[in-house]
Every structure is written in structure tokens, then in C-alpha cells.
>>> print(open('model15.cif').read())   # mmCIF, C-alpha atoms and all ligand atoms
data_model
#
loop_
_atom_site.label_atom_id
_atom_site.label_comp_id
_atom_site.auth_asym_id
_atom_site.auth_seq_id
_atom_site.Cartn_x
_atom_site.Cartn_y
_atom_site.Cartn_z
CA MET M 3 5.19 -42.14 -24.10
CA GLU M 4 4.29 -39.26 -21.83
CA LYS M 5 1.05 -37.57 -22.92
CA TYR M 6 0.16 -34.12 -21.62
CA LYS M 7 -3.55 -33.38 -21.39
CA ILE M 8 -4.14 -29.80 -22.47
CA ALA M 9 -7.43 -27.86 -22.32
CA VAL M 10 -7.60 -25.28 -25.10
CA ILE M 11 -9.85 -22.24 -24.66
CA PRO M 12 -9.50 -20.30 -27.93
CA GLY M 13 -11.97 -17.65 -26.73
CA ASP M 14 -12.93 -14.59 -28.75
CA GLY M 15 -11.82 -12.48 -31.71
CA ILE M 16 -8.33 -13.45 -32.88
CA GLY M 17 -8.06 -16.00 -30.03
CA PRO M 18 -9.12 -19.00 -32.16
CA GLU M 19 -6.89 -17.88 -35.05
CA VAL M 20 -3.73 -17.69 -32.97
CA MET M 21 -4.52 -20.78 -30.87
CA THR M 22 -4.71 -22.96 -34.00
CA GLU M 23 -1.10 -22.05 -34.69
CA ALA M 24 0.10 -22.63 -31.12
CA VAL M 25 -1.45 -26.11 -31.21
CA ARG M 26 0.08 -26.76 -34.63
CA VAL M 27 3.53 -25.95 -33.27
CA LEU M 28 3.12 -28.12 -30.17
CA ASN M 29 1.97 -31.03 -32.32
CA ARG M 30 5.02 -30.59 -34.53
CA VAL M 31 7.34 -30.53 -31.52
CA SER M 32 5.88 -33.79 -30.19
CA GLU M 33 6.22 -35.41 -33.64
CA LEU M 34 9.85 -34.37 -33.88
CA ASP M 35 10.73 -35.36 -30.33
CA GLY M 36 8.87 -38.65 -30.20
CA SER M 37 9.17 -39.07 -26.42
CA PHE M 38 6.13 -37.01 -25.44
CA GLY M 39 2.79 -36.03 -26.92
CA PHE M 40 -0.26 -33.84 -26.36
CA GLU M 41 -3.92 -34.61 -26.08
CA PHE M 42 -5.82 -31.38 -26.77
CA THR M 43 -9.46 -30.82 -25.84
CA THR M 44 -11.06 -27.59 -27.01
CA TYR M 45 -13.72 -25.74 -25.03
CA PRO M 46 -15.83 -23.15 -26.89
CA TRP M 47 -16.14 -20.84 -23.89
CA GLY M 48 -16.15 -17.09 -24.32
CA CYS M 49 -18.44 -14.26 -25.39
CA GLU M 50 -20.37 -16.17 -28.07
CA TYR M 51 -20.99 -18.91 -25.55
CA TYR M 52 -22.19 -16.26 -23.09
CA LEU M 53 -24.65 -14.78 -25.57
CA LYS M 54 -26.16 -18.27 -26.12
CA ASN M 55 -26.00 -19.62 -22.57
CA GLY M 56 -25.92 -16.61 -20.25
CA GLU M 57 -22.60 -17.70 -18.73
CA MET M 58 -18.97 -17.63 -19.85
CA MET M 59 -18.45 -21.30 -19.05
CA PRO M 60 -20.69 -24.05 -17.68
CA ALA M 61 -21.24 -24.26 -13.92
CA ASP M 62 -18.86 -27.24 -13.69
CA GLY M 63 -16.26 -25.58 -15.96
CA MET M 64 -13.59 -25.29 -13.28
CA GLU M 65 -14.07 -28.96 -12.30
CA THR M 66 -13.62 -29.89 -15.95
CA LEU M 67 -10.43 -27.85 -16.29
CA LYS M 68 -8.95 -29.26 -13.10
CA GLN M 69 -8.34 -32.61 -14.79
CA TYR M 70 -5.85 -31.13 -17.26
CA ASP M 71 -2.09 -30.77 -17.00
CA ALA M 72 -2.26 -27.26 -18.44
CA ILE M 73 -4.53 -24.77 -20.20
CA LEU M 74 -3.85 -22.82 -23.38
CA LEU M 75 -5.95 -19.67 -23.69
CA GLY M 76 -6.34 -17.43 -26.74
CA ALA M 77 -8.11 -14.21 -25.74
CA VAL M 78 -11.34 -13.26 -23.99
CA GLY M 79 -13.60 -10.23 -24.46
CA TYR M 80 -15.68 -8.91 -27.33
CA PRO M 81 -17.97 -5.97 -27.98
CA GLY M 82 -21.50 -7.02 -26.99
CA VAL M 83 -20.56 -8.50 -23.62
CA PRO M 84 -19.35 -6.14 -20.88
CA ASP M 85 -15.62 -6.70 -20.31
CA HIS M 86 -15.96 -6.84 -16.54
CA ILE M 87 -18.26 -9.84 -16.94
CA SER M 88 -16.41 -11.72 -19.69
CA LEU M 89 -12.99 -11.31 -18.12
CA ARG M 90 -13.91 -11.77 -14.48
CA ASP M 91 -15.98 -14.90 -15.15
CA LEU M 92 -13.43 -16.69 -17.31
CA LEU M 93 -9.82 -15.52 -17.49
CA LEU M 94 -9.57 -13.89 -14.05
CA ARG M 95 -11.60 -16.70 -12.48
CA ILE M 96 -9.16 -19.33 -13.73
CA ARG M 97 -6.12 -17.32 -12.60
CA HIS M 98 -7.64 -16.82 -9.16
CA ASP M 99 -9.36 -20.14 -8.46
CA PHE M 100 -6.40 -22.20 -9.69
CA ASP M 101 -4.09 -20.09 -7.54
CA GLU M 102 -1.95 -19.14 -10.52
CA TYR M 103 -0.28 -16.50 -8.44
CA VAL M 104 2.79 -16.04 -10.62
CA ASN M 105 2.34 -14.34 -13.96
CA LEU M 106 5.65 -14.77 -15.74
CA ARG M 107 6.00 -12.36 -18.64
CA PRO M 108 9.27 -12.11 -20.56
CA VAL M 109 10.07 -8.70 -22.00
CA LYS M 110 12.82 -9.65 -24.39
CA LEU M 111 13.76 -7.87 -27.58
CA LEU M 112 14.66 -10.57 -30.08
CA LYS M 113 17.10 -9.79 -32.87
CA GLY M 114 15.19 -8.52 -35.88
CA ALA M 115 12.22 -7.28 -33.82
CA GLN M 116 11.41 -3.59 -34.06
CA CYS M 117 12.14 -1.53 -30.95
CA PRO M 118 10.56 1.93 -31.21
CA ILE M 119 13.28 3.46 -29.02
CA LYS M 120 16.27 4.91 -30.84
CA GLY M 121 19.60 3.24 -30.17
CA VAL M 122 18.30 0.32 -28.11
CA LYS M 123 19.91 -3.04 -28.93
CA PRO M 124 18.46 -6.52 -28.27
CA GLU M 125 20.82 -7.11 -25.33
CA ASP M 126 19.45 -3.95 -23.66
CA VAL M 127 15.92 -5.36 -23.32
CA ASP M 128 16.01 -8.70 -21.53
CA MET M 129 13.67 -8.68 -18.54
CA ILE M 130 11.45 -11.19 -16.89
CA TYR M 131 8.40 -9.74 -15.19
CA ILE M 132 6.87 -11.58 -12.25
CA ARG M 133 3.42 -10.08 -11.86
CA GLU M 134 1.37 -10.93 -8.77
CA ASN M 135 -1.65 -12.66 -10.26
CA SER M 136 -4.13 -13.62 -7.56
CA GLU M 137 -5.06 -10.56 -5.50
CA GLY M 138 -3.97 -6.92 -5.14
CA GLU M 139 -5.92 -4.41 -7.18
CA TYR M 140 -7.69 -7.31 -8.98
CA ALA M 141 -9.20 -8.87 -5.83
CA GLY M 142 -12.68 -7.82 -6.88
CA SER M 143 -13.45 -6.37 -3.47
CA GLY M 144 -15.58 -3.27 -3.20
CA ALA M 145 -19.04 -1.82 -3.22
CA TRP M 146 -21.38 0.29 -5.32
CA LEU M 147 -23.51 2.38 -3.02
CA TYR M 148 -26.63 4.35 -3.86
CA PRO M 149 -26.43 3.64 -7.59
CA ASP M 150 -27.80 6.25 -9.95
CA SER M 151 -28.39 8.73 -7.15
CA PRO M 152 -26.55 11.97 -6.39
CA GLN M 153 -24.92 10.18 -3.42
CA GLU M 154 -23.49 7.46 -5.64
CA VAL M 155 -20.15 6.07 -4.33
CA VAL M 156 -17.94 3.25 -5.58
CA ILE M 157 -15.20 1.59 -3.59
CA GLN M 158 -12.57 -0.67 -5.15
CA ASN M 159 -10.28 -2.21 -2.56
CA GLY M 160 -6.76 -3.41 -3.10
CA VAL M 161 -6.21 -6.62 -1.16
CA PHE M 162 -2.62 -7.40 -0.23
CA SER M 163 -2.20 -10.38 2.07
CA ARG M 164 1.05 -11.35 3.75
CA LYS M 165 0.83 -14.80 2.20
CA GLY M 166 0.05 -13.37 -1.24
CA CYS M 167 2.90 -10.87 -1.23
CA GLU M 168 5.46 -13.17 0.36
CA ARG M 169 5.00 -16.06 -2.01
CA VAL M 170 5.29 -14.06 -5.22
CA ILE M 171 8.22 -12.02 -3.90
CA ARG M 172 9.97 -15.22 -2.78
CA TYR M 173 9.40 -16.73 -6.22
CA ALA M 174 11.10 -13.70 -7.77
CA TYR M 175 14.08 -13.88 -5.40
CA GLU M 176 14.48 -17.58 -6.16
CA LEU M 177 14.46 -16.90 -9.88
CA ALA M 178 16.95 -14.04 -9.59
CA LYS M 179 19.22 -16.23 -7.45
CA LYS M 180 19.01 -19.19 -9.83
CA GLU M 181 19.75 -17.03 -12.86
CA ASN M 182 22.29 -14.83 -11.11
CA LYS M 183 20.33 -11.69 -12.02
CA THR M 184 19.35 -8.50 -10.24
CA LEU M 185 15.84 -8.17 -8.82
CA THR M 186 13.77 -4.98 -9.04
CA SER M 187 10.59 -4.41 -7.07
CA ILE M 188 8.13 -1.87 -8.44
CA SER M 189 5.61 -0.28 -6.07
CA LYS M 190 4.18 3.06 -5.00
CA GLY M 191 4.64 3.46 -1.27
CA ASN M 192 4.77 7.24 -1.43
CA ALA M 193 1.05 7.44 -2.26
CA LEU M 194 -0.49 4.04 -1.44
CA ASN M 195 0.25 4.21 2.24
CA TYR M 196 -1.09 0.80 3.23
CA SER M 197 -0.76 -1.64 0.35
CA MET M 198 2.53 -0.51 -1.14
CA VAL M 199 4.23 0.26 2.15
CA PHE M 200 3.38 -3.32 3.12
CA TRP M 201 4.69 -4.62 -0.22
CA ASP M 202 8.01 -2.77 0.26
CA LYS M 203 8.32 -4.08 3.82
CA ILE M 204 7.85 -7.67 2.66
CA PHE M 205 10.27 -7.17 -0.23
CA ALA M 206 12.93 -6.10 2.29
CA GLU M 207 12.07 -8.86 4.77
CA VAL M 208 12.23 -11.71 2.26
CA GLY M 209 15.39 -10.15 0.84
CA LYS M 210 17.22 -10.89 4.09
CA GLU M 211 17.10 -14.58 3.09
CA TYR M 212 18.80 -13.76 -0.22
CA PRO M 213 21.88 -11.67 0.56
CA GLU M 214 23.44 -12.75 -2.75
CA VAL M 215 20.68 -11.10 -4.84
CA LYS M 216 21.32 -7.46 -5.76
CA THR M 217 18.04 -5.56 -5.47
CA TYR M 218 16.52 -2.28 -6.59
CA SER M 219 13.21 -0.66 -5.63
CA TYR M 220 11.49 1.80 -7.92
CA LEU M 221 8.30 3.77 -7.72
CA VAL M 222 6.05 2.77 -10.60
CA ASP M 223 6.07 6.19 -12.25
CA ALA M 224 9.86 6.34 -12.34
CA ALA M 225 10.01 2.68 -13.39
CA SER M 226 7.87 3.36 -16.45
CA MET M 227 10.18 6.22 -17.40
CA PHE M 228 13.28 4.04 -16.98
CA MET M 229 11.72 1.17 -18.97
CA VAL M 230 11.83 3.52 -21.96
CA LYS M 231 14.93 5.60 -21.20
CA ASP M 232 17.20 2.87 -19.88
CA PRO M 233 15.64 -0.59 -20.16
CA LYS M 234 18.84 -2.44 -19.39
CA ARG M 235 18.43 -1.53 -15.72
CA PHE M 236 15.82 -4.25 -15.39
CA GLN M 237 16.47 -7.99 -15.17
CA VAL M 238 14.04 -9.89 -12.92
CA VAL M 239 11.16 -7.61 -11.90
CA VAL M 240 8.44 -8.23 -9.31
CA THR M 241 5.34 -6.09 -9.00
CA SER M 242 1.65 -6.02 -8.15
CA ASN M 243 -1.19 -7.25 -10.33
CA LEU M 244 -2.27 -3.91 -11.85
CA PHE M 245 1.20 -2.40 -12.18
CA GLY M 246 2.35 -5.65 -13.83
CA ASP M 247 -0.54 -5.53 -16.27
CA ILE M 248 0.27 -2.01 -17.39
CA LEU M 249 4.06 -2.31 -17.40
CA THR M 250 4.02 -5.50 -19.47
CA ASP M 251 2.02 -3.80 -22.24
CA LEU M 252 4.69 -1.10 -22.14
CA GLY M 253 7.22 -3.94 -22.19
CA ALA M 254 5.49 -5.46 -25.21
CA ALA M 255 5.70 -2.11 -26.99
CA ILE M 256 9.47 -1.86 -26.50
CA ALA M 257 10.04 -5.53 -27.37
CA GLY M 258 8.39 -5.63 -30.79
CA GLY M 259 4.67 -5.23 -30.09
CA MET M 260 1.65 -7.10 -28.80
CA GLY M 261 2.09 -9.77 -31.46
CA LEU M 262 5.22 -11.01 -29.71
CA ALA M 263 4.32 -10.85 -25.99
CA ALA M 264 3.48 -13.98 -24.01
CA GLY M 265 2.71 -14.88 -20.43
CA ALA M 266 2.51 -17.94 -18.21
CA ASN M 267 0.04 -18.03 -15.31
CA LEU M 268 1.74 -20.42 -12.95
CA ASN M 269 0.57 -22.39 -9.97
CA PRO M 270 4.11 -23.26 -8.88
CA GLU M 271 2.97 -25.99 -6.47
CA ARG M 272 1.24 -27.75 -9.38
CA THR M 273 -1.88 -28.37 -7.29
CA PHE M 274 -3.86 -26.91 -10.20
CA PRO M 275 -3.19 -26.59 -13.91
CA SER M 276 -1.19 -23.58 -15.05
CA MET M 277 -2.38 -21.49 -17.99
CA PHE M 278 -0.40 -20.16 -20.96
CA GLU M 279 -1.56 -17.28 -23.16
CA PRO M 280 -0.51 -14.39 -25.33
CA ILE M 281 -0.88 -11.18 -23.32
CA HIS M 282 -2.80 -9.41 -26.08
CA GLY M 283 -6.58 -9.30 -26.23
CA SER M 284 -9.10 -10.40 -28.82
CA ALA M 285 -8.18 -7.51 -31.17
CA PRO M 286 -11.69 -6.92 -32.58
CA ASP M 287 -10.18 -4.48 -35.11
CA ILE M 288 -8.43 -7.31 -37.00
CA ALA M 289 -10.46 -10.37 -35.95
CA GLY M 290 -11.65 -12.68 -38.73
CA LYS M 291 -9.17 -11.32 -41.28
CA GLY M 292 -6.52 -13.99 -40.79
CA ILE M 293 -3.81 -11.39 -40.24
CA ALA M 294 -3.20 -11.69 -36.48
CA ASN M 295 0.33 -12.48 -35.43
CA PRO M 296 0.42 -15.98 -33.90
CA LEU M 297 3.98 -15.62 -32.54
CA ALA M 298 2.87 -14.42 -29.09
CA SER M 299 0.76 -17.57 -28.72
CA ILE M 300 3.58 -19.69 -30.05
CA TRP M 301 5.88 -18.05 -27.49
CA ALA M 302 3.31 -19.02 -24.81
CA ALA M 303 3.48 -22.59 -26.13
CA SER M 304 7.24 -22.46 -25.59
CA GLN M 305 6.61 -21.43 -21.98
CA LEU M 306 4.34 -24.48 -21.62
CA LEU M 307 7.19 -26.69 -22.87
CA ASP M 308 9.56 -25.05 -20.35
CA PHE M 309 7.05 -25.72 -17.59
CA PHE M 310 6.98 -29.43 -18.42
CA GLY M 311 10.78 -29.57 -18.38
CA HIS M 312 11.33 -29.45 -22.15
CA GLU M 313 13.40 -26.28 -22.05
CA ASP M 314 15.41 -27.43 -25.06
CA TRP M 315 12.25 -27.26 -27.19
CA GLY M 316 11.14 -24.04 -25.52
CA LYS M 317 14.42 -22.44 -26.55
CA LYS M 318 14.25 -23.90 -30.04
CA ILE M 319 10.90 -22.20 -30.58
CA ILE M 320 12.23 -18.81 -29.45
CA ASP M 321 15.32 -19.26 -31.65
CA THR M 322 13.03 -20.04 -34.58
CA ILE M 323 10.93 -16.93 -33.98
CA GLU M 324 14.15 -14.90 -33.82
CA GLU M 325 15.41 -16.45 -37.07
CA MET M 326 12.16 -15.48 -38.80
CA LEU M 327 12.39 -11.91 -37.47
CA VAL M 328 16.02 -11.54 -38.54
CA ASN M 329 15.29 -12.85 -42.05
CA GLN M 330 11.91 -11.07 -42.31
CA ASP M 331 10.64 -14.53 -43.19
CA THR M 332 6.86 -15.09 -43.37
CA LEU M 333 5.93 -12.37 -40.88
CA THR M 334 2.50 -10.84 -40.35
CA ARG M 335 1.72 -7.15 -41.00
CA ASP M 336 2.39 -5.91 -37.49
CA GLN M 337 6.00 -7.06 -38.04
CA GLY M 338 6.24 -5.48 -41.47
CA GLY M 339 5.42 -8.64 -43.45
CA THR M 340 2.50 -9.77 -45.60
CA ALA M 341 1.97 -13.33 -44.32
CA SER M 342 -1.30 -14.62 -42.91
CA CYS M 343 -1.59 -15.96 -39.38
CA GLU M 344 -1.66 -19.50 -40.74
CA GLU M 345 1.34 -19.03 -43.05
CA CYS M 346 3.36 -17.62 -40.17
CA GLY M 347 2.46 -20.53 -37.85
CA LYS M 348 3.19 -23.11 -40.54
CA ARG M 349 6.57 -21.52 -41.22
CA VAL M 350 7.52 -22.01 -37.57
CA THR M 351 6.74 -25.73 -37.86
CA GLU M 352 8.79 -26.03 -41.09
CA LEU M 353 11.81 -24.36 -39.53
CA LEU M 354 11.61 -26.53 -36.42
CA GLY M 355 12.48 -29.49 -38.64
P1 LIG V 401 -5.83 -5.91 -27.78
O1 LIG V 401 -4.58 -6.49 -27.24
O2 LIG V 401 -6.87 -6.88 -28.20
O3 LIG V 401 -5.48 -4.98 -29.03
C1 LIG V 401 -4.65 -3.81 -28.95
C2 LIG V 401 -4.04 -3.53 -30.33
O4 LIG V 401 -3.01 -4.48 -30.61
C3 LIG V 401 -5.04 -3.63 -31.47
O5 LIG V 401 -4.77 -2.65 -32.43
C4 LIG V 401 -4.79 -5.01 -32.06
O6 LIG V 401 -5.09 -5.13 -33.43
C5 LIG V 401 -3.29 -5.19 -31.82
N1 LIG V 401 -2.96 -6.62 -31.61
C6 LIG V 401 -3.20 -7.35 -30.49
N2 LIG V 401 -2.80 -8.61 -30.68
C7 LIG V 401 -2.31 -8.70 -31.93
C8 LIG V 401 -1.75 -9.76 -32.68
N3 LIG V 401 -1.61 -11.00 -32.22
N4 LIG V 401 -1.35 -9.50 -33.95
C9 LIG V 401 -1.47 -8.26 -34.47
N5 LIG V 401 -1.97 -7.20 -33.79
C10 LIG V 401 -2.40 -7.43 -32.53
O7 LIG V 401 -6.40 -4.90 -26.67
P2 LIG V 401 -7.80 -4.13 -26.56
O8 LIG V 401 -8.22 -3.66 -27.91
O9 LIG V 401 -7.62 -3.17 -25.48
O10 LIG V 401 -8.84 -5.23 -26.06
C11 LIG V 401 -9.76 -5.94 -26.88
C12 LIG V 401 -10.54 -6.92 -26.02
O11 LIG V 401 -9.67 -7.94 -25.50
C13 LIG V 401 -11.22 -6.29 -24.81
O12 LIG V 401 -12.45 -6.98 -24.63
C14 LIG V 401 -10.28 -6.58 -23.68
O13 LIG V 401 -10.88 -6.60 -22.41
C15 LIG V 401 -9.79 -7.95 -24.07
N6 LIG V 401 -8.46 -8.34 -23.54
C16 LIG V 401 -8.28 -9.65 -23.25
C17 LIG V 401 -7.05 -10.13 -22.86
C18 LIG V 401 -6.88 -11.59 -22.58
O14 LIG V 401 -7.76 -12.38 -22.87
N7 LIG V 401 -5.76 -12.00 -22.04
C19 LIG V 401 -5.98 -9.25 -22.79
C20 LIG V 401 -6.17 -7.90 -23.10
C21 LIG V 401 -7.42 -7.45 -23.50
C1 LIG V 402 -3.84 -9.22 -19.42
C2 LIG V 402 -5.20 -8.58 -19.63
C3 LIG V 402 -6.13 -8.89 -18.46
C4 LIG V 402 -5.50 -8.35 -17.20
C5 LIG V 402 -7.54 -8.31 -18.63
C6 LIG V 402 -8.14 -8.73 -19.94
C7 LIG V 402 -8.43 -8.60 -17.49
O1 LIG V 402 -5.07 -7.22 -19.84
O2 LIG V 402 -3.78 -10.45 -19.31
O3 LIG V 402 -2.86 -8.50 -19.39
O4 LIG V 402 -5.68 -7.17 -16.89
O5 LIG V 402 -4.85 -9.12 -16.52
MN MN V 403 -3.02 -6.55 -19.97
#
>>> encode(input="model15.cif", output="C-alpha cells")
Amino acid sequence: MEKYKIAVIPGDGIGPEVMTEAVRVLNRVSELDGSFGFEFTTYPWGCEYYLKNGEMMPADGMETLKQYDAILLGAVGYPGVPDHISLRDLLLRIRHDFDEYVNLRPVKLLKGAQCPIKGVKPEDVDMIYIRENSEGEYAGSGAWLYPDSPQEVVIQNGVFSRKGCERVIRYAYELAKKENKTLTSISKGNALNYSMVFWDKIFAEVGKEYPEVKTYSYLVDAASMFMVKDPKRFQVVVTSNLFGDILTDLGAAIAGGMGLAAGANLNPERTFPSMFEPIHGSAPDIAGKGIANPLASIWAASQLLDFFGHEDWGKKIIDTIEEMLVNQDTLTRDQGGTASCEECGKRVTELLG
């Protein structure tokens, strides 16, 4: 029997609550299938760990993670530890050092989920965002000069390499071609006269290899307006790290909320483990109350199954989530229900069989 070795980093706030349910669902899937299984190892890294040990993970943490087939991550960040430390030293470090340069984020309105936009139907919101995930605005390049003096200056560089842009744009073209969908690039060449002009140039260059893919290019400001006014324009979307971060929270809002939005951080070459996570944060406002929605994490678990070639199970999980939304069955408060996080996760396992 094939056994996948999974490192679980529950992290902070609601992270551990929602991760328990994602693991529960994966265990149920392996029981039902019988031909593959999971071996989970949990690492207690995060803000509490930092407060005790002065670091977000041990010095050999990346070496440890390298041995796994995949990583499941809950959420990182909590009041008491500066966000730029907690996130850069754990989540962003893993994405960068494991070259998880594709951040695949579905923005899909399931039947029964609440869309805040009047008149929008589930078939109108069915996008797949490909967010560049290794460089760009998140490269961490810059300087802080003359701190705390009247001359104080900060510089935050965007780093856009040819290799970095080409590979993520090519991934998006390949996906659009395979799925026979349109591809939209979102950038901002009218103001960012180096980085985004370069991005647009590479989008056009790589596009020459894919004459069969119908493409669109939008400026990010107009794109955010169209996401709300006319979401069906978008099918496969490719964009930079920061724009992708912002637009996928907007995407989450139009597709039922943060409790339903998942993302896969992929190293397509499989040299390093890929990482699967809900896109929401640690939600300190509801942490410890047992009311977080675990469906985003369970959706991320379905992406993990897709990644290992078990797309049938991946789809079954999404169909189950949709069935629960349609029937208003055992949903958490953010979806208008009264169920706890645990009850919601357990209901998914019951419905799976
Ligand atoms: P957040 O996503 O944690 O919360 C935003 C709002 O959405 C809150 O009202 C929260 O209650 C709600 N929400 C989020 N997930 C939910 C769920 N599963 N069920 C029900 N409601 C949910 O964003 P924030 O408040 O801006 O950030 C809190 C912390 O998390 C910060 O430290 C931030 O840096 C960090 N963060 C981490 C990640 C990550 O680990 N991937 C992502 C985003 C933010
Ligand atoms: C996300 C998060 C992270 C990001 C933060 C926590 C660094 O917002 O995964 O969307 O900006 O990528
Ligand atoms: Mn985000």
C-alpha cells in the first residue's frame, strides 16, 4: 500500500482547530479507498514555539521537512510576535526555499455558498488563480537607512527574474491549454515601469508558444473592479505575488468567504515537498472557541489528493462540501449555521461514506 508521509504544521490561532479536521478527512479517505494511506507527523512550530525558543522552527527545520511528500499548514501569526518575523521565518520561508513557485488558488462559488454580489450564479464564479509565489514584491529585498532619524528611508524592492516570471506564466498557459480555458494576466505596467512592463513582455512572449489559448491582459485596478462586476470574465488567471495575495482574498469574499478558500503551494518539479493550506490566517478573534470553519482546510486536503493523482477523491470532497452548503447541513457560523468546527469536519467524513 502506498503511504504518503505528510508533515503537519498546525501553527497558531485557529490553525490547530482546522488542521485536526483536514487530517480527519484524509484519514477517512484512505480508510475508504484502501489502496493508499497517510503517515502524519505534527510539528508544533509557530508563535508559541517562538516565544519559548526564540525561533519559529528549529535550525534544521527545513532539512526535517524535506523528507516529507507534502506539508499541511494551518495558519501562522499571532499577536505578541511581529507578523513580519513569524510569517517570513516560517510560511514564506517554506514557500521560497522549497521553490513552491506556483500558488494555485481556486475561486469557485459552490452551490449553496453565499455570494455577496446580487444576481451572481455559481457558474459565474469559476476561476483558478495562479499566483507567483517565490519572488516579486515578496522577495524580501530592501534596506532601512538611518532608522529613527529625520533622514529615515526605507526601500522595498520588487524582484522579477526572467526565470521566475517565465516558469509561472508557462505553468498558467499549460493549465489553460489542458483545460481549454481562457488565460488572463493581471499586472500594472502603466505605473510599475520596470517590473510589470517586464511581466507583460514575458506574458506575450510565452504566449507565442500557445496560439490556441485565448488571452486577456488587465491592469490590477480594473481587474479588481471586474472581479466584482463581471466575475465570469475570468477563468485561469496568472499574476504576481502581491496582486495574487490581495485578489484571492477578494476572490474568497465573492466565493463564500475566508472559511471556504484554499491554496496549494506547488513545486511542480517535485524536487521539494509542496504545501497545502487554507488561505485564511489564524483568526485571533475566534481562536479557541471551536467555531472556525474547517472547510477551507478540507478543501486544501482535496488539493493534496489531486496532487498525488487521486483526483476522484479530491472531487468527492468538493462535492461533499457543496452538498453540505446546499442542504445547510452542519455548517459553522460564518456560513449561517451553528455547528462547531469539529462537528462540521466529522460531517464531511460521514458523508464521504
Ligand atoms: P484572518 O484570515 O485570520 O481573519 C480575517 C477574518 O476572517 C476574521 O474575522 C476571521 O475571524 C475570519 N476567518 C478567517 N478564517 C476563518 C475560518 N476558517 N472560519 C471562520 N472565520 C474565519 O486574517 P487577519 O485577521 O488579517 O490575520 C490574522 C493573523 O493571521 C495575522 O497574524 C496574519 O499575518 C496571519 N495570516 C496568516 C496567514 C497564513 O498563515 N496563511 C494568512 C493570512 C493572515
Ligand atoms: C496568504 C497570506 C500570506 C501572504 C501572509 C500571511 C504572509 O496572506 O497566504 O495569503 O501574503 O502570502
Ligand atoms: Mn493573503
>>> axis_aligned_box(input="model15.cif", around="ligand LIG 402 (chain V)", padding_each_side="4 Å", output="JSON")
{"center_x": -5.6, "center_y": -8.8, "center_z": -18.2, "size_x": 13.6, "size_y": 11.3, "size_z": 11.4}
>>> closest_residue(input="model15.cif", among="M:Gly166, M:Ile204, M:Lys234, M:Gly36", to="Glu125 in chain M", atoms="all atoms listed in the file")
M:Lys234
>>> residues_around(input="model15.cif", residues="range 205-216 of chain M", least_positions_apart="3", cutoff="6 Å", atoms="only C-alpha atoms", output="list of chain:residue names")
M:Lys179, M:Thr184, M:Asp202
>>> residues_around(input="model15.cif", residues="Leu297 in chain M", least_positions_apart="4", cutoff="7 Å", atoms="all atoms listed in the file", output="list in words")
Gly261, Leu262 and Trp301 of chain M
>>> closest_residue(input="model15.cif", among="M:Val83, M:Leu147, M:Met277, M:Glu154", to="Lys54 in chain M", atoms="all atoms listed in the file")
M:Val83
>>> residues_near_ligand(input="model15.cif", ligand="ligand MN 403 (chain V)", cutoff="12 Å", atoms="all atoms listed in the file", output="PyMOL selection string")
chain M and resi 77-78+89+93-94+105+107+133+135+140+243-254+260+263-265+279-284
>>> closest_residue(input="model15.cif", among="M:Leu194, M:Ala285, M:Ala115, M:Asp35", to="ligand LIG 402 (chain V)", atoms="only C-alpha atoms and all ligand atoms")
M:Ala285
>>> residues_around(input="model15.cif", residues="range 333-345 of chain M", least_positions_apart="6", cutoff="8 Å", atoms="only C-alpha atoms", output="PyMOL selection string")
chain M and resi 19-20+23+115-116+258-259+261+292-296+326-327
>>> atom_distance(input="model15.cif", atom1="CA of Leu67 in chain M", atom2="CA of Asp99 in chain M")
11.0 Å
>>> atom_distance(input="model15.cif", atom1="atom N2 of ligand LIG 401 (chain V)", atom2="CA of Glu325 in chain M")
20.8 Å
>>> closest_residue(input="model15.cif", among="M:Ser88, M:Ser189, M:Thr273, M:Thr66", to="ligand LIG 401 (chain V)", atoms="all atoms listed in the file")
M:Ser88
